[in-house]
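The next block is my_file-v3.pdb, given as PDB, C-alpha atoms, pLDDT in the B column.
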```
ATOM      1  CA  MET A   1      65.355  25.433  23.623  1.00 48.00           C
ATOM      2  CA  LEU A   2      67.345  27.984  25.673  1.00 48.00           C
ATOM      3  CA  LYS A   3      67.220  31.582  24.578  1.00 52.00           C
ATOM      4  CA  ARG A   4      70.466  33.373  23.957  1.00 54.00           C
ATOM      5  CA  PRO A   5      70.808  36.553  26.007  1.00 53.00           C
ATOM      6  CA  SER A   6      69.960  39.684  24.105  1.00 55.00           C
ATOM      7  CA  ASN A   7      72.618  42.165  23.114  1.00 58.00           C
ATOM      8  CA  THR A   8      71.022  44.708  25.445  1.00 60.00           C
ATOM      9  CA  SER A   9      71.388  42.446  28.477  1.00 59.00           C
ATOM     10  CA  THR A  10      74.990  41.682  27.532  1.00 59.00           C
ATOM     11  CA  ASN A  11      75.804  45.366  27.139  1.00 57.00           C
ATOM     12  CA  VAL A  12      74.266  46.222  30.518  1.00 54.00           C
ATOM     13  CA  ALA A  13      76.244  43.472  32.258  1.00 56.00           C
ATOM     14  CA  LEU A  14      79.485  44.624  30.584  1.00 54.00           C
ATOM     15  CA  LEU A  15      78.798  48.215  31.596  1.00 52.00           C
ATOM     16  CA  LEU A  16      78.307  47.167  35.223  1.00 54.00           C
ATOM     17  CA  VAL A  17      81.605  45.294  35.197  1.00 51.00           C
ATOM     18  CA  ILE A  18      83.426  48.315  33.746  1.00 51.00           C
ATOM     19  CA  LEU A  19      81.869  50.627  36.353  1.00 51.00           C
ATOM     20  CA  ALA A  20      82.915  48.267  39.147  1.00 52.00           C
ATOM     21  CA  VAL A  21      86.510  48.239  37.887  1.00 46.00           C
ATOM     22  CA  VAL A  22      86.576  52.033  37.609  1.00 47.00           C
ATOM     23  CA  VAL A  23      85.207  52.443  41.140  1.00 48.00           C
ATOM     24  CA  SER A  24      87.776  49.985  42.493  1.00 48.00           C
ATOM     25  CA  LEU A  25      90.626  51.757  40.764  1.00 43.00           C
ATOM     26  CA  ARG A  26      89.418  55.112  42.018  1.00 49.00           C
ATOM     27  CA  ALA A  27      89.191  53.761  45.570  1.00 47.00           C
ATOM     28  CA  ALA A  28      92.800  52.584  45.357  1.00 48.00           C
ATOM     29  CA  GLU A  29      94.052  55.770  43.669  1.00 54.00           C
ATOM     30  CA  ARG A  30      97.408  56.744  45.128  1.00 58.00           C
ATOM     31  CA  HIS A  31      98.627  60.246  45.870  1.00 65.00           C
ATOM     32  CA  THR A  32     102.100  61.580  46.522  1.00 66.00           C
ATOM     33  CA  LEU A  33     103.165  62.796  49.966  1.00 68.00           C
ATOM     34  CA  ILE A  34     104.778  66.247  50.150  1.00 64.00           C
ATOM     35  CA  ILE A  35     106.836  66.971  53.279  1.00 65.00           C
ATOM     36  CA  ASN A  36     107.818  70.582  54.000  1.00 54.00           C
ATOM     37  CA  GLY A  37     107.241  71.456  50.361  1.00 49.00           C
ATOM     38  CA  GLN A  38     109.364  68.577  49.052  1.00 61.00           C
ATOM     39  CA  SER A  39     107.755  65.874  46.952  1.00 63.00           C
ATOM     40  CA  THR A  40     108.521  62.275  47.994  1.00 73.00           C
ATOM     41  CA  GLU A  41     108.044  58.809  46.599  1.00 70.00           C
ATOM     42  CA  VAL A  42     105.793  57.886  49.517  1.00 70.00           C
ATOM     43  CA  PRO A  43     102.400  56.755  48.193  1.00 74.00           C
ATOM     44  CA  VAL A  44      99.255  57.995  49.927  1.00 66.00           C
ATOM     45  CA  ILE A  45      96.051  55.997  49.743  1.00 66.00           C
ATOM     46  CA  PHE A  46      92.700  57.469  50.712  1.00 60.00           C
ATOM     47  CA  VAL A  47      90.222  55.129  52.359  1.00 57.00           C
ATOM     48  CA  SER A  48      86.819  56.560  53.267  1.00 56.00           C
ATOM     49  CA  GLY A  49      88.256  60.043  52.908  1.00 59.00           C
ATOM     50  CA  HIS A  50      91.214  59.440  55.248  1.00 62.00           C
ATOM     51  CA  PRO A  51      94.857  59.370  54.004  1.00 69.00           C
ATOM     52  CA  TYR A  52      97.114  56.410  54.874  1.00 65.00           C
ATOM     53  CA  ILE A  53     100.830  55.867  54.230  1.00 70.00           C
ATOM     54  CA  GLY A  54     103.251  53.005  54.836  1.00 70.00           C
ATOM     55  CA  LEU A  55     105.735  53.393  57.697  1.00 67.00           C
ATOM     56  CA  GLU A  56     108.549  51.704  55.782  1.00 72.00           C
ATOM     57  CA  ALA A  57     108.078  53.983  52.765  1.00 70.00           C
ATOM     58  CA  LEU A  58     108.048  57.044  55.029  1.00 72.00           C
ATOM     59  CA  ALA A  59     111.165  55.861  56.873  1.00 71.00           C
ATOM     60  CA  ASN A  60     112.997  55.273  53.570  1.00 73.00           C
ATOM     61  CA  ALA A  61     112.047  58.736  52.321  1.00 70.00           C
ATOM     62  CA  LEU A  62     113.410  60.347  55.481  1.00 73.00           C
ATOM     63  CA  ASN A  63     116.490  58.103  55.796  1.00 71.00           C
ATOM     64  CA  GLY A  64     115.050  56.524  58.909  1.00 73.00           C
ATOM     65  CA  SER A  65     114.275  53.007  60.020  1.00 70.00           C
ATOM     66  CA  VAL A  66     111.395  50.931  61.355  1.00 64.00           C
ATOM     67  CA  SER A  67     111.808  48.219  63.966  1.00 64.00           C
ATOM     68  CA  SER A  68     109.348  46.121  65.938  1.00 61.00           C
ATOM     69  CA  SER A  69     109.314  44.000  69.045  1.00 52.00           C
ATOM     70  CA  GLY A  70     106.142  42.248  70.114  1.00 53.00           C
ATOM     71  CA  ALA A  71     103.244  44.697  70.058  1.00 55.00           C
ATOM     72  CA  LYS A  72     105.512  47.760  69.687  1.00 55.00           C
ATOM     73  CA  VAL A  73     106.651  49.371  66.429  1.00 62.00           C
ATOM     74  CA  ALA A  74     109.357  52.061  66.576  1.00 66.00           C
ATOM     75  CA  LEU A  75     109.920  54.674  63.852  1.00 67.00           C
ATOM     76  CA  ASN A  76     113.369  56.276  64.183  1.00 67.00           C
ATOM     77  CA  LEU A  77     114.001  59.373  62.060  1.00 65.00           C
ATOM     78  CA  PRO A  78     117.203  61.431  61.784  1.00 60.00           C
ATOM     79  CA  THR A  79     116.949  65.126  62.528  1.00 50.00           C
ATOM     80  CA  SER A  80     118.496  67.996  60.630  1.00 43.00           C
ATOM     81  CA  SER A  81     121.366  69.832  62.259  1.00 34.00           C
ATOM     82  CA  VAL A  82     119.818  73.160  61.196  1.00 34.00           C
ATOM     83  CA  ASN A  83     118.101  75.014  64.047  1.00 40.00           C
ATOM     84  CA  ARG A  84     118.435  72.004  66.310  1.00 41.00           C
ATOM     85  CA  ALA A  85     120.730  70.923  69.059  1.00 40.00           C
ATOM     86  CA  PRO A  86     123.178  68.142  68.160  1.00 41.00           C
ATOM     87  CA  SER A  87     121.564  64.723  68.352  1.00 43.00           C
ATOM     88  CA  PRO A  88     122.311  62.597  71.414  1.00 45.00           C
ATOM     89  CA  THR A  89     125.557  60.682  71.192  1.00 43.00           C
ATOM     90  CA  THR A  90     126.016  56.963  71.388  1.00 42.00           C
ATOM     91  CA  ALA A  91     126.349  55.208  74.708  1.00 41.00           C
ATOM     92  CA  SER A  92     130.141  55.187  74.552  1.00 38.00           C
ATOM     93  CA  ALA A  93     130.632  58.871  73.767  1.00 40.00           C
ATOM     94  CA  ALA A  94     130.596  62.028  75.877  1.00 40.00           C
ATOM     95  CA  PRO A  95     127.266  63.821  76.538  1.00 41.00           C
ATOM     96  CA  ALA A  96     126.086  65.962  73.653  1.00 44.00           C
ATOM     97  CA  PRO A  97     126.346  69.738  74.139  1.00 46.00           C
ATOM     98  CA  VAL A  98     123.288  71.958  73.741  1.00 45.00           C
ATOM     99  CA  PRO A  99     123.105  75.529  72.455  1.00 47.00           C
ATOM    100  CA  ALA A 100     123.684  78.215  75.063  1.00 49.00           C
ATOM    101  CA  PRO A 101     120.432  79.677  76.434  1.00 48.00           C
ATOM    102  CA  THR A 102     119.375  83.067  75.142  1.00 50.00           C
ATOM    103  CA  GLN A 103     119.206  86.176  77.327  1.00 51.00           C
ATOM    104  CA  ALA A 104     115.429  85.752  77.567  1.00 46.00           C
ATOM    105  CA  ALA A 105     115.889  82.214  78.791  1.00 46.00           C
ATOM    106  CA  LEU A 106     118.359  83.319  81.442  1.00 47.00           C
ATOM    107  CA  SER A 107     115.721  85.573  82.971  1.00 49.00           C
ATOM    108  CA  ASN A 108     113.419  82.569  83.550  1.00 48.00           C
ATOM    109  CA  PRO A 109     114.908  80.171  86.137  1.00 61.00           C
ATOM    110  CA  GLY A 110     112.127  77.556  85.959  1.00 87.00           C
ATOM    111  CA  PHE A 111     111.221  74.855  83.476  1.00 91.00           C
ATOM    112  CA  SER A 112     109.138  75.639  80.417  1.00 92.00           C
ATOM    113  CA  ARG A 113     105.968  73.606  80.091  1.00 91.00           C
ATOM    114  CA  GLU A 114     107.055  72.147  76.742  1.00 93.00           C
ATOM    115  CA  PHE A 115     110.394  70.942  78.098  1.00 93.00           C
ATOM    116  CA  LEU A 116     108.833  69.588  81.277  1.00 93.00           C
ATOM    117  CA  ASN A 117     106.370  67.514  79.263  1.00 93.00           C
ATOM    118  CA  ALA A 118     109.146  66.271  76.967  1.00 94.00           C
ATOM    119  CA  GLY A 119     111.349  65.431  79.937  1.00 94.00           C
ATOM    120  CA  ILE A 120     108.610  63.472  81.692  1.00 93.00           C
ATOM    121  CA  GLU A 121     107.957  61.535  78.482  1.00 94.00           C
ATOM    122  CA  GLN A 122     111.659  60.730  78.189  1.00 95.00           C
ATOM    123  CA  MET A 123     111.885  59.486  81.771  1.00 94.00           C
ATOM    124  CA  SER A 124     108.839  57.290  81.177  1.00 94.00           C
ATOM    125  CA  THR A 125     110.530  55.745  78.132  1.00 95.00           C
ATOM    126  CA  LEU A 126     113.756  55.185  80.065  1.00 95.00           C
ATOM    127  CA  ARG A 127     111.786  53.395  82.790  1.00 94.00           C
ATOM    128  CA  GLU A 128     110.210  51.128  80.163  1.00 95.00           C
ATOM    129  CA  TRP A 129     113.678  50.429  78.730  1.00 95.00           C
ATOM    130  CA  HIS A 130     115.042  49.637  82.191  1.00 95.00           C
ATOM    131  CA  THR A 131     112.047  47.410  82.998  1.00 94.00           C
ATOM    132  CA  ALA A 132     112.520  45.466  79.746  1.00 94.00           C
ATOM    133  CA  LEU A 133     116.205  44.893  80.555  1.00 95.00           C
ATOM    134  CA  GLN A 134     115.461  43.923  84.141  1.00 94.00           C
ATOM    135  CA  THR A 135     112.666  41.536  83.152  1.00 94.00           C
ATOM    136  CA  ALA A 136     114.856  39.834  80.557  1.00 93.00           C
ATOM    137  CA  ILE A 137     117.665  39.309  83.081  1.00 94.00           C
ATOM    138  CA  GLN A 138     115.402  38.088  85.882  1.00 92.00           C
ATOM    139  CA  SER A 139     113.453  35.749  83.591  1.00 91.00           C
ATOM    140  CA  GLY A 140     116.447  34.398  81.704  1.00 90.00           C
ATOM    141  CA  ILE A 141     115.191  35.736  78.371  1.00 89.00           C
ATOM    142  CA  PRO A 142     118.036  35.774  75.789  1.00 88.00           C
ATOM    143  CA  LEU A 143     119.236  39.358  75.566  1.00 90.00           C
ATOM    144  CA  SER A 144     120.015  40.910  72.208  1.00 91.00           C
ATOM    145  CA  ALA A 145     120.385  44.374  70.747  1.00 91.00           C
ATOM    146  CA  ASP A 146     117.237  43.822  68.674  1.00 92.00           C
ATOM    147  CA  LEU A 147     115.184  43.070  71.784  1.00 92.00           C
ATOM    148  CA  LEU A 148     115.995  46.439  73.350  1.00 93.00           C
ATOM    149  CA  GLN A 149     116.317  48.480  70.144  1.00 94.00           C
ATOM    150  CA  PRO A 150     112.707  49.794  70.127  1.00 94.00           C
ATOM    151  CA  TYR A 151     113.211  51.271  73.602  1.00 94.00           C
ATOM    152  CA  ARG A 152     116.578  52.792  72.666  1.00 95.00           C
ATOM    153  CA  ALA A 153     115.132  54.248  69.469  1.00 95.00           C
ATOM    154  CA  GLN A 154     112.173  55.813  71.290  1.00 95.00           C
ATOM    155  CA  ALA A 155     114.447  57.233  73.986  1.00 95.00           C
ATOM    156  CA  THR A 156     116.672  58.729  71.284  1.00 96.00           C
ATOM    157  CA  THR A 157     113.682  60.360  69.628  1.00 95.00           C
ATOM    158  CA  ASN A 158     112.298  61.691  72.910  1.00 95.00           C
ATOM    159  CA  LEU A 159     115.672  63.150  73.842  1.00 95.00           C
ATOM    160  CA  ARG A 160     115.739  65.059  70.580  1.00 95.00           C
ATOM    161  CA  PHE A 161     112.284  66.440  71.344  1.00 94.00           C
ATOM    162  CA  ALA A 162     113.530  67.554  74.768  1.00 95.00           C
ATOM    163  CA  SER A 163     116.540  69.297  73.218  1.00 94.00           C
ATOM    164  CA  VAL A 164     114.281  71.219  70.839  1.00 94.00           C
ATOM    165  CA  ALA A 165     111.866  72.147  73.647  1.00 93.00           C
ATOM    166  CA  ALA A 166     114.640  73.524  75.895  1.00 93.00           C
ATOM    167  CA  THR A 167     114.310  77.329  76.099  1.00 92.00           C
ATOM    168  CA  THR A 168     115.070  78.401  79.674  1.00 92.00           C
ATOM    169  CA  ALA A 169     118.320  78.085  81.586  1.00 91.00           C
ATOM    170  CA  ALA A 170     116.749  75.368  83.749  1.00 92.00           C
ATOM    171  CA  ASP A 171     115.681  73.500  80.610  1.00 93.00           C
ATOM    172  CA  HIS A 172     119.194  73.504  79.176  1.00 94.00           C
ATOM    173  CA  ASN A 173     120.765  72.384  82.454  1.00 94.00           C
ATOM    174  CA  ALA A 174     118.211  69.619  82.957  1.00 94.00           C
ATOM    175  CA  TYR A 175     118.722  68.429  79.389  1.00 95.00           C
ATOM    176  CA  GLN A 176     122.324  67.620  80.257  1.00 95.00           C
ATOM    177  CA  LEU A 177     121.092  65.333  83.042  1.00 95.00           C
ATOM    178  CA  LEU A 178     118.550  63.687  80.741  1.00 96.00           C
ATOM    179  CA  ASN A 179     121.260  63.089  78.164  1.00 95.00           C
ATOM    180  CA  SER A 180     123.579  61.667  80.812  1.00 95.00           C
ATOM    181  CA  VAL A 181     121.050  59.151  82.161  1.00 96.00           C
ATOM    182  CA  TYR A 182     120.188  58.196  78.571  1.00 96.00           C
ATOM    183  CA  LEU A 183     123.859  57.429  77.916  1.00 96.00           C
ATOM    184  CA  ASN A 184     124.161  55.469  81.165  1.00 96.00           C
ATOM    185  CA  MET A 185     121.113  53.414  80.259  1.00 96.00           C
ATOM    186  CA  GLY A 186     122.719  52.651  76.923  1.00 96.00           C
ATOM    187  CA  LYS A 187     125.928  51.552  78.649  1.00 96.00           C
ATOM    188  CA  LEU A 188     123.977  49.318  81.028  1.00 96.00           C
ATOM    189  CA  SER A 189     122.097  47.662  78.166  1.00 96.00           C
ATOM    190  CA  ASP A 190     125.227  47.175  76.081  1.00 96.00           C
ATOM    191  CA  LYS A 191     127.034  45.622  79.051  1.00 96.00           C
ATOM    192  CA  TYR A 192     124.534  42.811  79.494  1.00 96.00           C
ATOM    193  CA  VAL A 193     123.885  42.323  75.781  1.00 95.00           C
ATOM    194  CA  ASN A 194     127.639  41.824  75.300  1.00 95.00           C
ATOM    195  CA  MET A 195     127.786  39.442  78.247  1.00 94.00           C
ATOM    196  CA  ARG A 196     125.044  37.373  76.655  1.00 93.00           C
ATOM    197  CA  ALA A 197     126.801  37.453  73.266  1.00 93.00           C
ATOM    198  CA  ASN A 198     129.985  36.167  74.932  1.00 93.00           C
ATOM    199  CA  LEU A 199     127.993  33.407  76.684  1.00 91.00           C
ATOM    200  CA  THR A 200     128.838  34.886  80.090  1.00 92.00           C
ATOM    201  CA  TYR A 201     126.513  33.779  82.874  1.00 93.00           C
ATOM    202  CA  ILE A 202     124.133  36.518  84.050  1.00 93.00           C
ATOM    203  CA  ALA A 203     122.618  35.978  87.486  1.00 94.00           C
ATOM    204  CA  PRO A 204     118.908  36.835  87.811  1.00 93.00           C
ATOM    205  CA  ASP A 205     119.763  39.403  90.498  1.00 94.00           C
ATOM    206  CA  ALA A 206     122.754  40.848  88.616  1.00 94.00           C
ATOM    207  CA  LEU A 207     121.277  44.349  88.464  1.00 94.00           C
ATOM    208  CA  GLN A 208     120.883  44.557  92.236  1.00 92.00           C
ATOM    209  CA  ASN A 209     124.666  44.624  92.676  1.00 92.00           C
ATOM    210  CA  ASP A 210     125.415  46.723  89.594  1.00 96.00           C
ATOM    211  CA  GLU A 211     126.725  50.170  90.563  1.00 96.00           C
ATOM    212  CA  LEU A 212     125.716  51.751  87.249  1.00 96.00           C
ATOM    213  CA  ASN A 213     122.201  50.368  87.623  1.00 96.00           C
ATOM    214  CA  GLN A 214     121.918  51.833  91.122  1.00 95.00           C
ATOM    215  CA  ARG A 215     123.044  55.227  89.824  1.00 95.00           C
ATOM    216  CA  ILE A 216     120.400  55.127  87.074  1.00 95.00           C
ATOM    217  CA  ILE A 217     117.671  54.306  89.600  1.00 95.00           C
ATOM    218  CA  ALA A 218     118.837  57.054  91.970  1.00 94.00           C
ATOM    219  CA  CYS A 219     118.985  59.573  89.112  1.00 93.00           C
ATOM    220  CA  GLY A 220     115.479  58.645  87.996  1.00 92.00           C
ATOM    221  CA  ARG A 221     114.122  59.331  91.474  1.00 93.00           C
ATOM    222  CA  PHE A 222     116.017  62.597  91.640  1.00 92.00           C
ATOM    223  CA  LEU A 223     114.736  63.766  88.256  1.00 92.00           C
ATOM    224  CA  GLY A 224     111.164  62.936  89.275  1.00 91.00           C
ATOM    225  CA  ALA A 225     111.494  65.063  92.399  1.00 91.00           C
ATOM    226  CA  MET A 226     113.132  67.871  90.420  1.00 90.00           C
ATOM    227  CA  ALA A 227     110.317  67.876  87.868  1.00 89.00           C
ATOM    228  CA  ALA A 228     107.783  68.109  90.696  1.00 89.00           C
ATOM    229  CA  SER A 229     109.587  71.130  92.159  1.00 88.00           C
ATOM    230  CA  GLY A 230     109.750  72.942  88.815  1.00 86.00           C
ATOM    231  CA  GLN A 231     113.272  74.176  89.563  1.00 87.00           C
ATOM    232  CA  PHE A 232     116.628  72.858  88.402  1.00 91.00           C
ATOM    233  CA  SER A 233     119.046  71.232  90.831  1.00 89.00           C
ATOM    234  CA  ASP A 234     121.953  68.860  90.347  1.00 89.00           C
ATOM    235  CA  ASP A 235     122.824  65.410  91.684  1.00 90.00           C
ATOM    236  CA  GLY A 236     125.933  63.290  91.307  1.00 89.00           C
ATOM    237  CA  SER A 237     123.954  60.144  90.444  1.00 89.00           C
ATOM    238  CA  CYS A 238     123.000  61.670  87.100  1.00 91.00           C
ATOM    239  CA  HIS A 239     126.599  62.056  85.894  1.00 86.00           C
TER     240      HIS A 239
END
```
Kindly present the structure from the file in structure tokens form.
Amino acid sequence: MLKRPSNTSTNVALLLVILAVVVSLRAAERHTLIINGQSTEVPVIFVSGHPYIGLEALANALNGSVSSSGAKVALNLPTSSVNRAPSPTTASAAPAPVPAPTQAALSNPGFSREFLNAGIEQMSTLREWHTALQTAIQSGIPLSADLLQPYRAQATTNLRFASVAATTAADHNAYQLLNSVYLNMGKLSDKYVNMRANLTYIAPDALQNDELNQRIIACGRFLGAMAASGQFSDDGSCH
């Protein structure tokens, strides 16, 4: 005859189950994210002592958006107009103005290190955007706004960083060129996306004969040389 388990054994087993549930709940305990002193609805989960949050929840809390294309995920956040230069305009609008440089900035004709780093990062992103557009056209990949949106979003974010980093007179002048080439890249992308949407044939070598594309390439080379020199200069290809 089988023996029935004792009450002690049953109690021990039940206690172990309860402890396991408590430990699991504690491991999944959620905290609230506070940004600049403001409480948000973004949950924070600690795993092995490290905090983790969801990108979509963070984007919603900051009135931003999350987009993805292939292996890339882009987080686009709006910036406050307080203590910041106006955000870059859309591809069809005029270049965004920047605050006038201070007297201290006017006494320094070269680029600040922060702006130079931000500018180089922006040019790198614009090259990636241009390469994605060029590859799609040459390979016959169906163009769409969604395909190029991650690159546009990252370029928009980087341009904002450059505007905030601008402190010297050279920084402010160079920002205008960065903003201009950003707008031209947006116009170039929109042109071919619209052609695709209207079922217009796009030749694989279409960019080679595109005047706007040639200006963007020339401006990119000019900006690279200007960054290497550390001094501001102007060039018509960037306007």
Inset, instruction - Quick one: everything within 10 Å of Phe232 in chain A, counting all atoms listed in the file, minus sequence neighbours fewer than 6 positions away in the same chain. Send it as a list of chain:residue names. - result: A:Pro109, A:Gly110, A:Phe111, A:Ala169, A:Ala170, A:Asp171, A:His172, A:Asn173, A:Ala174, A:Leu223, A:Met226
Give the centre and edge lengths of an axis-aligned box, in Å to one decimal, that holds all listed atoms of range 180-185 of chain A with 5 Å on each side, as AutoDock Vina command-line options.
```
--center_x 122.2 --center_y 57.5 --center_z 80.0 --size_x 14.0 --size_y 18.3 --size_z 14.2
```
Selection result of the PyMOL selection byres ((chain A and resi 193-195) around 10) on this file, as a PDB file with C-alpha atoms, in the coordinates of the input:
```pdb
ATOM      1  CA  LEU A 133     116.205  44.893  80.555  1.00 95.00           C
ATOM      2  CA  PRO A 142     118.036  35.774  75.789  1.00 88.00           C
ATOM      3  CA  LEU A 143     119.236  39.358  75.566  1.00 90.00           C
ATOM      4  CA  SER A 144     120.015  40.910  72.208  1.00 91.00           C
ATOM      5  CA  ALA A 145     120.385  44.374  70.747  1.00 91.00           C
ATOM      6  CA  ASP A 146     117.237  43.822  68.674  1.00 92.00           C
ATOM      7  CA  LEU A 147     115.184  43.070  71.784  1.00 92.00           C
ATOM      8  CA  LEU A 148     115.995  46.439  73.350  1.00 93.00           C
ATOM      9  CA  LYS A 187     125.928  51.552  78.649  1.00 96.00           C
ATOM     10  CA  LEU A 188     123.977  49.318  81.028  1.00 96.00           C
ATOM     11  CA  SER A 189     122.097  47.662  78.166  1.00 96.00           C
ATOM     12  CA  ASP A 190     125.227  47.175  76.081  1.00 96.00           C
ATOM     13  CA  LYS A 191     127.034  45.622  79.051  1.00 96.00           C
ATOM     14  CA  TYR A 192     124.534  42.811  79.494  1.00 96.00           C
ATOM     15  CA  ARG A 196     125.044  37.373  76.655  1.00 93.00           C
ATOM     16  CA  ALA A 197     126.801  37.453  73.266  1.00 93.00           C
ATOM     17  CA  ASN A 198     129.985  36.167  74.932  1.00 93.00           C
ATOM     18  CA  LEU A 199     127.993  33.407  76.684  1.00 91.00           C
ATOM     19  CA  THR A 200     128.838  34.886  80.090  1.00 92.00           C
ATOM     20  CA  TYR A 201     126.513  33.779  82.874  1.00 93.00           C
ATOM     21  CA  ILE A 202     124.133  36.518  84.050  1.00 93.00           C
TER      22      ILE A 202
END
```
Legend entry - Å distance separating CA of Gln122 in chain A from CA of Phe161 in chain A, one decimal place: 8.9 Å
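You will find CA of Ser237 in chain A at 18.7 Å from CA of Thr125 in chain A.
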Inset, instruction - Find the residue from A:Ser163, A:Ser65, A:Asn179, A:Asn184 that sits nearest to Phe115 in chain A; use all atoms listed in the file when measuring. - result: A:Ser163
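Of the listed residues (A:Asn213, A:Ser112, A:Thr135, A:Ser124), A:Ser124 comes nearest to Gln154 in chain A; the distances count only C-alpha atoms.
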Inset, instruction - Pick out the closest residue to Arg113 in chain A from this set: A:Ser233, A:Tyr151, A:Thr168, A:Ala225. Count only C-alpha atoms. - result: A:Thr168
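Computed from the coordinates, the CA of Leu212 in chain A to CA of Gly186 in chain A distance equals 10.8 Å.
Comparing the minimum interatomic distances between Gly220 in chain A and each of A:Glu114, A:Glu56, A:Asp235, A:Asp205, counting only C-alpha atoms, we find that A:Asp235 sits nearest.
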